[in-house]
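Structure below is coords-v3.txt: compact mmCIF, C-alpha atoms.
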# COMPACT_ATOMS: atom_id res chain seq x y z
CA MET A 915 38.86 10.00 -5.14
CA ASN A 916 39.22 6.34 -4.76
CA SER A 917 35.97 4.56 -4.59
CA GLN A 918 34.98 1.10 -3.68
CA ILE A 919 31.74 -0.67 -4.28
CA ASN A 920 30.88 -3.90 -2.57
CA ILE A 921 28.17 -5.64 -4.47
CA ASP A 922 27.09 -9.18 -4.05
CA LEU A 923 25.75 -10.12 -7.40
CA LYS A 924 23.81 -13.23 -6.63
CA ASN A 925 22.84 -14.48 -10.02
CA GLU A 926 24.81 -13.47 -13.01
CA SER A 927 22.58 -14.02 -15.97
CA ASP A 928 23.71 -14.49 -19.52
CA SER A 929 20.99 -12.60 -21.32
CA LYS A 930 21.99 -9.21 -22.58
CA GLU A 931 18.97 -7.30 -21.26
CA THR A 932 19.56 -8.14 -17.64
CA ALA A 933 23.27 -7.44 -18.11
CA ASP A 934 22.33 -3.96 -19.31
CA VAL A 935 20.18 -3.50 -16.24
CA SER A 936 23.02 -4.52 -13.94
CA VAL A 937 25.42 -2.16 -15.72
CA ALA A 938 22.90 0.67 -15.27
CA GLN A 939 22.58 -0.24 -11.61
CA GLU A 940 26.33 -0.18 -11.24
CA ILE A 941 26.51 3.26 -12.79
CA ASN A 942 23.78 4.41 -10.40
CA LEU A 943 25.74 3.00 -7.48
CA GLY A 944 28.82 4.81 -8.71
CA ILE A 945 26.91 8.08 -8.83
CA LEU A 946 25.55 7.58 -5.32
CA LEU A 947 29.00 6.74 -4.05
CA GLU A 948 30.58 9.79 -5.63
CA LEU A 949 27.86 12.06 -4.25
CA GLY A 950 28.30 10.42 -0.88
CA SER A 951 32.03 11.04 -0.98
CA ILE A 952 31.44 14.72 -1.61
CA GLY A 953 28.90 14.86 1.22
CA ALA A 954 31.11 12.95 3.62
CA GLY A 955 34.00 15.27 2.86
CA HIS A 956 31.90 18.25 3.82
CA ALA A 957 30.64 16.48 6.93
CA ALA A 958 34.18 15.64 8.05
CA THR A 959 35.25 19.24 7.59
CA ALA A 960 32.28 20.37 9.67
CA LEU A 961 33.09 17.86 12.39
CA SER A 962 36.74 18.84 12.56
CA ASP A 963 35.73 22.52 12.72
CA ILE A 964 33.49 21.79 15.69
CA ILE A 965 35.87 19.73 17.78
CA GLN A 966 38.99 21.51 16.50
CA GLN A 967 40.87 18.36 15.70
CA GLN A 968 41.85 16.75 12.51
CA ILE A 969 39.13 14.40 11.31
CA LEU A 970 39.74 11.95 8.53
CA ILE A 971 37.15 9.92 6.73
CA ASP A 972 37.48 6.44 5.48
CA VAL A 973 36.68 6.00 1.83
CA PRO A 974 32.89 5.78 1.88
CA LYS A 975 31.43 2.45 0.99
CA ILE A 976 28.18 1.25 -0.41
CA HIS A 977 27.07 -2.13 0.82
CA LYS A 978 24.37 -3.93 -1.01
CA ILE A 979 23.62 -7.03 1.02
CA PRO A 980 20.53 -8.74 2.40
CA PRO A 981 19.40 -6.83 5.52
CA HIS A 982 19.58 -9.79 7.89
CA LEU A 983 23.32 -10.23 7.29
CA ILE A 984 24.16 -6.70 8.35
CA PRO A 985 24.52 -7.16 12.17
CA ASN A 986 27.10 -9.86 11.59
CA PHE A 987 28.81 -7.71 9.02
CA TYR A 988 29.40 -4.92 11.55
CA ASN A 989 30.08 -7.35 14.37
CA ARG A 990 29.40 -4.83 17.16
CA HIS A 991 26.58 -6.83 18.67
CA ASP A 992 26.31 -5.73 22.30
CA ILE A 993 28.36 -2.56 22.31
CA PRO A 994 26.49 0.30 24.03
CA THR A 995 25.80 2.84 21.35
CA ILE A 996 24.10 6.18 21.04
CA ALA A 997 22.33 6.64 17.74
CA ILE A 998 21.03 9.89 16.35
CA TYR A 999 18.29 9.34 13.87
CA LEU A 1000 17.01 11.67 11.17
CA GLN A 1001 14.60 11.29 8.32
CA LEU A 1002 14.29 13.25 5.11
CA THR A 1003 11.25 15.48 5.26
CA SER A 1004 10.18 14.77 1.73
CA LYS A 1005 7.99 12.18 0.13
CA PHE A 1006 11.06 10.07 -0.51
CA GLY A 1007 11.74 7.96 2.51
CA CYS A 1008 15.32 7.97 3.63
CA ASP A 1009 16.59 7.03 7.08
CA ILE A 1010 19.83 8.54 8.27
CA LEU A 1011 21.52 7.08 11.31
CA LEU A 1012 24.63 8.40 13.01
CA THR A 1013 25.98 6.01 15.63
CA PHE A 1014 28.66 6.63 18.23
CA GLU A 1015 30.00 4.31 20.83
CA LEU A 1016 28.85 5.65 24.18
CA THR A 1017 32.35 6.39 25.47
CA GLU A 1018 33.28 8.12 22.22
CA ALA A 1019 30.10 10.19 22.34
CA LYS A 1020 31.05 11.46 25.79
CA LYS A 1021 34.52 12.41 24.56
CA ILE A 1022 33.17 14.31 21.56
CA ALA A 1023 30.57 16.12 23.66
CA ALA A 1024 33.28 17.14 26.13
CA MET A 1025 35.37 18.56 23.28
CA MET A 1026 32.42 20.47 21.86
CA THR A 1027 31.54 22.11 25.16
CA PHE A 1028 35.19 22.85 26.03
CA ALA A 1029 34.92 20.82 29.20
CA ASN A 1030 38.14 19.69 30.82
CA SER A 1031 37.03 16.16 31.57
CA ILE A 1032 34.26 13.80 30.65
CA GLU A 1033 32.75 14.01 34.14
CA GLU A 1034 32.35 17.76 33.92
CA ILE A 1035 29.51 17.93 31.42
CA ASP A 1036 26.00 17.04 32.44
CA LEU A 1037 24.03 14.47 30.54
CA GLU A 1038 21.40 16.76 29.10
CA MET A 1039 24.16 18.92 27.73
CA GLU A 1040 25.81 15.90 26.19
CA THR A 1041 22.69 14.77 24.33
CA SER A 1042 22.04 18.29 23.18
CA ALA A 1043 25.61 18.62 21.93
CA LEU A 1044 25.34 15.39 20.00
CA HIS A 1045 22.05 16.48 18.43
CA GLU A 1046 23.72 19.66 17.33
CA LEU A 1047 26.63 17.72 15.96
CA ALA A 1048 24.32 15.43 13.99
CA ASN A 1049 22.44 18.41 12.63
CA ILE A 1050 25.58 20.10 11.40
CA LEU A 1051 27.17 16.93 10.07
CA ILE A 1052 24.16 15.64 8.23
CA GLY A 1053 23.11 19.11 7.21
CA SER A 1054 26.43 19.72 5.47
CA PHE A 1055 26.26 16.27 3.92
CA LEU A 1056 22.83 16.87 2.46
CA THR A 1057 23.57 20.44 1.37
CA ALA A 1058 26.56 19.24 -0.61
CA ILE A 1059 24.44 16.66 -2.39
CA SER A 1060 21.49 18.92 -3.01
CA ASP A 1061 23.69 21.70 -4.38
CA PHE A 1062 25.17 19.23 -6.78
CA ILE A 1063 22.01 17.71 -8.21
CA GLY A 1064 19.54 20.50 -7.56
CA ILE A 1065 16.90 18.85 -5.41
CA SER A 1066 16.18 20.00 -1.90
CA LEU A 1067 16.93 17.48 0.82
CA LEU A 1068 15.85 18.61 4.25
CA PRO A 1069 16.35 16.51 7.38
CA SER A 1070 13.88 16.27 10.22
CA THR A 1071 14.87 17.18 13.78
CA PRO A 1072 17.30 14.70 15.28
CA GLN A 1073 16.15 12.10 17.77
CA SER A 1074 18.43 9.96 19.83
CA ILE A 1075 18.38 6.56 21.42
CA VAL A 1076 20.77 4.66 23.67
CA ASP A 1077 20.92 0.90 23.40
CA THR A 1078 23.08 -1.90 22.07
CA PHE A 1079 24.13 -1.70 18.45
CA ASP A 1080 22.13 -4.68 17.24
CA ALA A 1081 18.91 -3.55 18.86
CA ILE A 1082 19.16 -0.10 17.34
CA ILE A 1083 19.74 -1.06 13.72
CA ASP A 1084 17.24 -3.89 13.99
CA VAL A 1085 14.16 -1.78 13.25
CA PHE A 1086 15.77 -0.14 10.22
CA LEU A 1087 16.72 -3.50 8.83
CA ILE A 1088 13.15 -4.72 9.28
CA LYS A 1089 11.94 -1.71 7.34
CA GLN A 1090 14.48 -2.39 4.60
CA SER A 1091 13.64 -6.06 4.34
CA MET A 1092 9.98 -5.20 3.79
CA LEU A 1093 10.86 -3.07 0.79
CA ALA A 1094 13.55 -4.90 -1.08
CA GLU A 1095 15.57 -8.07 -1.08
CA ASP A 1096 18.85 -6.23 -0.67
CA ALA A 1097 19.37 -3.26 1.55
CA MET A 1098 21.59 -0.52 0.30
CA ILE A 1099 23.62 1.11 3.00
CA PHE A 1100 25.87 4.04 2.49
CA GLU A 1101 28.51 3.99 5.19
CA THR A 1102 31.22 6.38 6.31
CA ARG A 1103 33.58 5.98 9.22
CA PHE A 1104 35.34 8.88 10.83
CA LYS A 1105 38.86 8.83 12.20
CA ARG A 1106 40.26 11.16 14.79
CA GLN A 1107 44.01 11.68 15.12
CA GLY A 1108 44.95 8.27 13.95
CA GLU A 1109 42.48 6.36 16.08
CA ASP A 1110 39.10 5.16 14.91
CA ALA A 1111 36.44 7.58 16.11
CA LYS A 1112 33.99 4.68 16.31
CA CYS A 1113 31.41 6.73 14.54
CA ILE A 1114 29.43 5.30 11.67
CA LEU A 1115 27.11 7.26 9.42
CA MET A 1116 24.55 4.99 7.81
CA ILE A 1117 22.07 6.05 5.18
CA PHE A 1118 19.24 3.87 3.96
CA PRO A 1119 17.89 5.49 0.79
CA SER A 1120 14.57 4.37 -0.62
CA GLN A 1121 14.16 3.13 -4.16
CA GLU A 1122 12.42 6.36 -5.25
CA LEU A 1123 15.21 8.52 -3.94
CA LYS A 1124 17.85 6.39 -5.63
CA GLU A 1125 16.01 6.65 -8.94
CA LEU A 1126 15.57 10.38 -8.57
CA ILE A 1127 19.26 10.92 -7.83
CA ALA A 1128 20.27 8.76 -10.77
CA GLU A 1129 17.96 10.67 -13.07
CA LYS A 1130 19.07 14.07 -11.85
CA SER A 1131 22.73 13.18 -12.20
CA LYS A 1132 22.48 12.08 -15.82
CA PRO A 1133 23.24 15.52 -17.30
CA ILE A 1134 26.33 15.74 -15.09
CA ILE A 1135 27.73 12.52 -16.46
CA GLU A 1136 27.07 13.48 -20.04
CA LEU A 1137 28.90 16.77 -19.60
CA LYS A 1138 32.03 15.07 -18.27
CA MET B 947 -4.79 35.90 28.47
CA LEU B 948 -4.27 34.38 31.88
CA THR B 949 -0.75 33.59 30.84
CA LEU B 950 -0.11 37.19 29.98
CA LEU B 951 -1.50 38.43 33.27
CA THR B 952 0.05 36.00 35.65
CA GLY B 953 3.04 34.77 33.69
CA TYR B 954 2.01 31.21 34.31
CA ASP B 955 0.72 28.95 31.60
CA PHE B 956 -2.50 27.48 32.95
CA THR B 957 -3.28 25.49 29.83
CA LYS B 958 0.04 23.75 30.22
CA ALA B 959 -0.73 22.94 33.85
CA TRP B 960 -4.15 21.61 32.86
CA PHE B 961 -2.63 19.39 30.19
CA SER B 962 0.00 18.10 32.54
CA LEU B 963 -2.75 17.14 35.01
CA ASN B 964 -4.61 15.31 32.28
CA THR B 965 -1.69 13.56 30.71
CA ARG B 966 -0.16 12.23 33.88
CA ILE B 967 -1.73 8.84 33.35
CA VAL B 968 -0.14 8.46 29.94
CA ASP B 969 3.32 6.93 29.93
CA ARG B 970 5.88 9.65 29.90
CA PRO B 971 8.46 9.24 27.15
CA VAL B 972 11.92 8.39 28.35
CA LEU B 973 14.24 11.08 27.09
CA ALA B 974 17.64 10.16 25.80
CA HIS B 975 19.54 11.99 28.53
CA GLN B 976 17.52 10.09 31.12
CA GLN B 977 18.45 6.91 29.33
CA LEU B 978 22.07 7.95 29.55
CA GLU B 979 21.60 8.51 33.25
CA LEU B 980 20.04 5.12 33.65
CA ALA B 981 22.78 3.45 31.69
CA PRO B 982 26.14 4.88 32.61
CA CYS B 983 28.18 2.83 30.18
CA ILE B 984 27.11 -0.59 31.30
CA THR B 985 28.84 -3.17 29.22
CA ILE B 986 26.92 -6.39 29.24
CA PRO B 987 29.23 -9.21 30.31
CA ASP B 988 30.01 -11.39 27.36
CA ASN B 989 29.82 -14.74 28.95
CA THR B 990 28.03 -15.08 32.25
CA ASN B 991 28.54 -18.77 32.63
CA PRO B 992 32.03 -19.47 31.35
CA THR B 993 31.70 -23.23 31.55
CA VAL B 994 28.98 -23.27 28.93
CA GLU B 995 29.78 -22.56 25.32
CA GLU B 996 27.81 -19.71 23.77
CA VAL B 997 26.51 -19.83 20.22
CA ARG B 998 25.27 -16.64 18.63
CA VAL B 999 22.13 -16.85 16.51
CA ASP B 1000 22.16 -14.24 13.76
CA MET B 1001 19.28 -12.15 12.57
CA ALA B 1002 16.68 -14.17 10.62
CA ASP B 1003 18.56 -17.31 11.54
CA MET B 1004 17.75 -20.30 13.72
CA LYS B 1005 19.80 -22.91 15.50
CA ILE B 1006 18.89 -26.19 17.15
CA GLU B 1007 21.13 -27.88 19.68
CA SER B 1008 21.19 -31.10 21.63
CA LYS B 1009 24.51 -30.46 23.35
CA HIS B 1010 24.73 -28.38 26.50
CA VAL B 1011 25.25 -24.91 25.03
CA GLU B 1012 23.75 -21.49 25.48
CA LEU B 1013 22.11 -19.98 22.45
CA LEU B 1014 22.49 -16.22 22.41
CA THR B 1015 20.87 -13.47 20.40
CA SER B 1016 20.17 -9.73 20.58
CA VAL B 1017 16.80 -8.37 19.54
CA GLY B 1018 15.10 -5.01 19.30
CA SER B 1019 11.86 -5.17 17.39
CA CYS B 1020 12.62 -8.70 16.29
CA VAL B 1021 11.38 -11.60 18.40
CA ALA B 1022 13.39 -14.53 19.70
CA ILE B 1023 11.47 -17.80 19.97
CA CYS B 1024 13.02 -20.39 22.30
CA LEU B 1025 11.54 -23.87 22.02
CA HIS B 1026 12.54 -26.30 24.74
CA ASP B 1027 12.00 -30.04 24.94
CA SER B 1028 12.44 -31.05 28.57
CA VAL B 1029 12.33 -34.80 27.86
CA HIS B 1030 15.21 -34.94 25.41
CA LYS B 1031 16.95 -31.89 26.93
CA CYS B 1032 17.30 -30.07 23.68
CA GLY B 1033 15.87 -27.02 22.02
CA GLY B 1034 16.18 -24.35 19.40
CA LEU B 1035 16.13 -20.63 19.01
CA ALA B 1036 14.80 -18.63 16.07
CA HIS B 1037 15.31 -14.91 15.51
CA VAL B 1038 12.19 -13.70 13.71
CA MET B 1039 12.17 -10.43 11.76
CA LEU B 1040 8.71 -10.11 10.21
CA PRO B 1041 5.19 -11.35 11.09
CA THR B 1042 4.23 -13.19 7.91
CA SER B 1043 6.00 -14.29 4.80
CA ALA B 1044 3.51 -12.27 2.75
CA GLN B 1045 4.97 -9.08 4.14
CA GLY B 1046 8.42 -9.48 2.72
CA LEU B 1047 9.60 -10.73 -0.59
CA TYR B 1048 9.71 -14.46 -0.82
CA GLU B 1049 12.97 -16.01 0.23
CA PRO B 1050 13.82 -19.56 1.16
CA LEU B 1051 14.54 -18.45 4.70
CA PRO B 1052 11.84 -19.82 7.04
CA SER B 1053 13.36 -18.38 10.20
CA LYS B 1054 12.79 -14.84 8.99
CA PHE B 1055 9.01 -14.93 9.41
CA ALA B 1056 6.92 -15.77 12.47
CA ASN B 1057 4.47 -18.00 10.65
CA THR B 1058 7.16 -20.12 9.01
CA ALA B 1059 9.77 -20.12 11.79
CA VAL B 1060 7.67 -22.06 14.34
CA PRO B 1061 6.89 -25.04 12.06
CA ALA B 1062 10.48 -25.06 10.82
CA LEU B 1063 11.83 -25.22 14.39
CA VAL B 1064 9.37 -27.97 15.34
CA LYS B 1065 10.26 -29.97 12.27
CA GLU B 1066 13.99 -29.72 12.79
CA ILE B 1067 13.85 -30.63 16.48
CA ASN B 1068 11.54 -33.54 15.75
CA ALA B 1069 13.96 -34.74 13.09
CA MET B 1070 16.84 -34.44 15.56
CA VAL B 1071 15.27 -36.45 18.38
CA GLY B 1072 13.63 -38.90 16.00
CA ASN B 1073 10.02 -38.68 17.15
CA GLN B 1074 7.23 -36.25 17.96
CA THR B 1075 7.93 -34.37 21.15
CA ARG B 1076 6.18 -31.79 23.28
CA PHE B 1077 7.61 -28.33 23.57
CA SER B 1078 7.30 -25.34 25.76
CA ALA B 1079 8.06 -21.96 24.30
CA LYS B 1080 9.50 -18.75 25.66
CA ILE B 1081 9.53 -15.56 23.68
CA ALA B 1082 11.26 -12.23 24.13
CA GLY B 1083 11.65 -9.06 22.11
CA GLY B 1084 9.19 -7.03 20.09
CA ALA B 1085 10.22 -3.72 21.56
CA ASN B 1086 9.09 -0.50 19.98
CA MET B 1087 12.50 1.11 19.95
CA PHE B 1088 11.42 4.46 18.61
CA ALA B 1089 8.17 4.76 20.60
CA ASN B 1090 9.48 7.66 22.62
CA LEU B 1091 10.76 9.48 19.62
CA GLY B 1092 7.43 10.16 17.99
CA THR B 1093 8.28 8.70 14.61
CA ASN B 1094 5.53 7.45 12.39
CA HIS B 1095 6.73 3.91 12.76
CA LEU B 1096 4.54 1.00 12.16
CA ASP B 1097 4.78 -0.78 15.51
CA ILE B 1098 6.37 -3.84 13.97
CA GLY B 1099 7.42 -5.20 17.36
CA ALA B 1100 3.83 -5.69 18.58
CA LYS B 1101 2.84 -7.19 15.24
CA ASN B 1102 5.73 -9.63 15.47
CA VAL B 1103 4.73 -10.71 18.98
CA ARG B 1104 1.11 -11.21 17.96
CA ALA B 1105 2.12 -13.27 14.94
CA VAL B 1106 4.45 -15.45 17.00
CA LYS B 1107 1.71 -16.14 19.57
CA THR B 1108 -0.74 -17.05 16.81
CA ALA B 1109 1.78 -19.42 15.26
CA LEU B 1110 2.49 -21.07 18.64
CA ASP B 1111 -1.26 -21.50 19.24
CA LYS B 1112 -1.67 -23.04 15.83
CA HIS B 1113 0.96 -25.68 16.59
CA LYS B 1114 -0.41 -26.22 20.12
CA ILE B 1115 2.77 -25.18 21.88
CA ARG B 1116 2.47 -23.92 25.44
CA LEU B 1117 3.83 -20.45 26.06
CA ALA B 1118 5.83 -20.83 29.26
CA GLY B 1119 7.14 -17.31 29.56
CA GLU B 1120 7.46 -14.03 27.78
CA ASP B 1121 9.17 -10.69 28.05
CA VAL B 1122 7.89 -8.48 25.25
CA GLY B 1123 7.23 -4.87 24.40
CA GLY B 1124 8.85 -1.88 26.01
CA VAL B 1125 11.34 0.46 24.44
CA HIS B 1126 14.62 -1.32 25.09
CA GLY B 1127 16.54 -3.92 23.19
CA ARG B 1128 17.14 -7.30 24.77
CA ARG B 1129 19.96 -9.80 24.88
CA ILE B 1130 18.68 -13.34 25.31
CA THR B 1131 20.60 -16.37 26.47
CA PHE B 1132 18.83 -19.68 26.27
CA ASP B 1133 20.31 -22.76 27.93
CA VAL B 1134 19.10 -25.60 25.72
CA ALA B 1135 19.62 -28.31 28.33
CA SER B 1136 17.76 -26.73 31.24
CA GLY B 1137 15.50 -24.40 29.28
CA ARG B 1138 16.67 -21.51 31.43
CA THR B 1139 16.16 -18.26 29.57
CA ILE B 1140 17.71 -15.03 30.77
CA VAL B 1141 16.88 -11.64 29.31
CA ARG B 1142 19.23 -8.72 29.84
CA GLN B 1143 18.38 -5.19 28.95
CA HIS B 1144 20.83 -2.47 28.21
CA ASN B 1145 19.83 -0.48 31.30
CA GLY B 1146 21.06 -3.31 33.47
CA GLU B 1147 17.75 -5.03 34.08
CA ILE B 1148 18.09 -8.82 34.25
CA LYS B 1149 15.07 -11.06 34.11
CA GLU B 1150 14.55 -14.80 34.00
CA ILE B 1151 11.51 -15.95 32.06

As structure tokens:
Amino acid sequence: MNSQINIDLKNESDSKETADVSVAQEINLGILLELGSIGAGHAATALSDIIQQQILIDVPKIHKIPPHLIPNFYNRHDIPTIAIYLQLTSKFGCDILLTFELTEAKKIAAMMTFANSIEEIDLEMETSALHELANILIGSFLTAISDFIGISLLPSTPQSIVDTFDAIIDVFLIKQSMLAEDAMIFETRFKRQGEDAKCILMIFPSQELKELIAEKSKPIIELK
Amino acid sequence: MLTLLTGYDFTKAWFSLNTRIVDRPVLAHQQLELAPCITIPDNTNPTVEEVRVDMADMKIESKHVELLTSVGSCVAICLHDSVHKCGGLAHVMLPTSAQGLYEPLPSKFANTAVPALVKEINAMVGNQTRFSAKIAGGANMFANLGTNHLDIGAKNVRAVKTALDKHKIRLAGEDVGGVHGRRITFDVASGRTIVRQHNGEIKEI
């Protein structure tokens, strides 16, 4: 699978030690990206099973940029968005955020409940459908990863929020900026029958989780 | 026991009587009902140019423009100088610079953003001026979702107020707290600040 890593290396140092560190980091990023690709593949299959349409995924990306630059990076400032938020129920903090544009969310919910039009489904049903969707999508994502590296990753129950895009991701970015200089975001976009499904899956892994995944994946790399 | 006999959960009824005073969480489907796909108009006053202030960024202007920013738990500080008809807006992310890693980015922290704004505006007009401040933001976005979040919004608001006090700037208006994000437009010439929420609520502070 093609993979793409966007890294902003701010200061390239000449000393060998730090170069080694950056190479190790790059390998870790590569591992995370590959695992993410596997997970996203499973998630896309799950999604297309649910709504019975072909779902394609963009090549997953890892962005490693300072948190405060992220809203501008997405450039979806005031678009009404519904976000479904999950956490990993382990000691390793990891925020998982699935965002849909509000109109897109309605469409997907209508497809899931076999409604003929968007107006037909009631709002409680819609939220419930989206929660279910997030559970299945993220569940299959995490199962794929945890099967691969042999640690259990269990998500919490989904919670949803409706607001503008900037306001939603704001609190996650604050959390990220308290922990590290650069936030690492794992991002996947879904496509539905040629058009952009306007659905973004964002994962903010903590440092501990990243280290654990890197450590657990070492035997896999050595096997080749 | 009572529940078994009568089929009605009395403990639940008792709790609901007791908890009526507490703010009921707004459920997501109610939010959807409140906000049936409202798209916030991009430019409300087409004659005035709009300048977006990014996260952890600040802008000062002396021309007649509207500074615009969207905040959730962040806080927007609008400083206005009515004499020289100019002002600035800072989008603050964290309460104090001790809380994040050090970066040469004063507008990211409440305690460094206020002096930085004051300094830049003073440098622009050429002498010491008096300001009035308006702040908005600091929402606790996930309050109704029961997450174990540090209420960073309230901390941000408190830190901004402390910083304004310290620099003896009058707080002319505020719209803080709540559970919704805000979109703030600040007219630097008139000092008019309008806060729009996603559920369609419009407020001038």

Problem set entry | Test item: chain A residues at most 6 Å from chain B, counting all atoms listed in the file, as a list in words | His982, Leu1037, Glu1038, Thr1041, Ile1075, Asp1077, Ala1081, Asp1084, Val1085 and Met1092 of chain A

For this session: Do a neighbour search on Leu1014 of chain B at 12 Å with only C-alpha atoms, toss out local chain neighbours closer than 5 positions, and write the hits as a ChimeraX atom specification.
Result: /A:991-992 /B:988-990,994-1001,1003-1006,1022-1024,1034-1037,1128-1134,1138-1142

Problem set entry | Separation of atom CA of Asp1096 of chain A from atom CA of Ala957 of chain A in Å | 26.7 Å

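If you look at atom CA of Thr1003 of chain A and atom CA of Thr1071 of chain A, they are 9.4 Å away from each other.
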
For this session: Mind checking which residues fall within 9 Å of Gln1001 of chain A, counting only C-alpha atoms, ignoring those fewer than 2 positions away in the same chain, and posting them as a PyMOL selection string?
Result: chain A and resi 999+1003-1004+1007-1011+1068-1072

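One finds atom CA of Gln1073 of chain A at 8.2 Å from atom CA of Ala997 of chain A.
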
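Counting all atoms listed in the file and comparing B:Glu1007, B:Glu1066, B:Asp1027, B:Glu1147, the residue that lies closest to Ala1118 of chain B is B:Asp1027.
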
Exercise. Can you list, as a ChimeraX atom specification, every protein, DNA or RNA residue that comes within 9 Å of segment 1044-1057 of chain A when you count all atoms listed in the file, leaving out same-chain residues fewer than 2 positions away?
Worked result: /A:950,952-961,964,998-1000,1010,1012,1019,1022-1023,1026,1039-1042,1059-1062,1066-1069,1071-1074,1115

Just the residues within 9 Å of Lys1009 of chain B, please, counting all atoms listed in the file, with nothing from its chain fewer than 5 positions along; format it as a PDB file with C-alpha atoms, in the frame of the given file.
ATOM      1  CA  LYS B1031      16.950 -31.890  26.930  1.00  0.00           C
ATOM      2  CA  CYS B1032      17.300 -30.070  23.680  1.00  0.00           C
ATOM      3  CA  VAL B1134      19.100 -25.600  25.720  1.00  0.00           C
ATOM      4  CA  ALA B1135      19.620 -28.310  28.330  1.00  0.00           C
TER       5      ALA B1135
END

Problem set entry | Neighbours of point (0.8, -20.2, 10.9) within 7 Å, using all atoms listed in the file, written as a ChimeraX atom specification | /B:1057-1058,1108-1109,1112
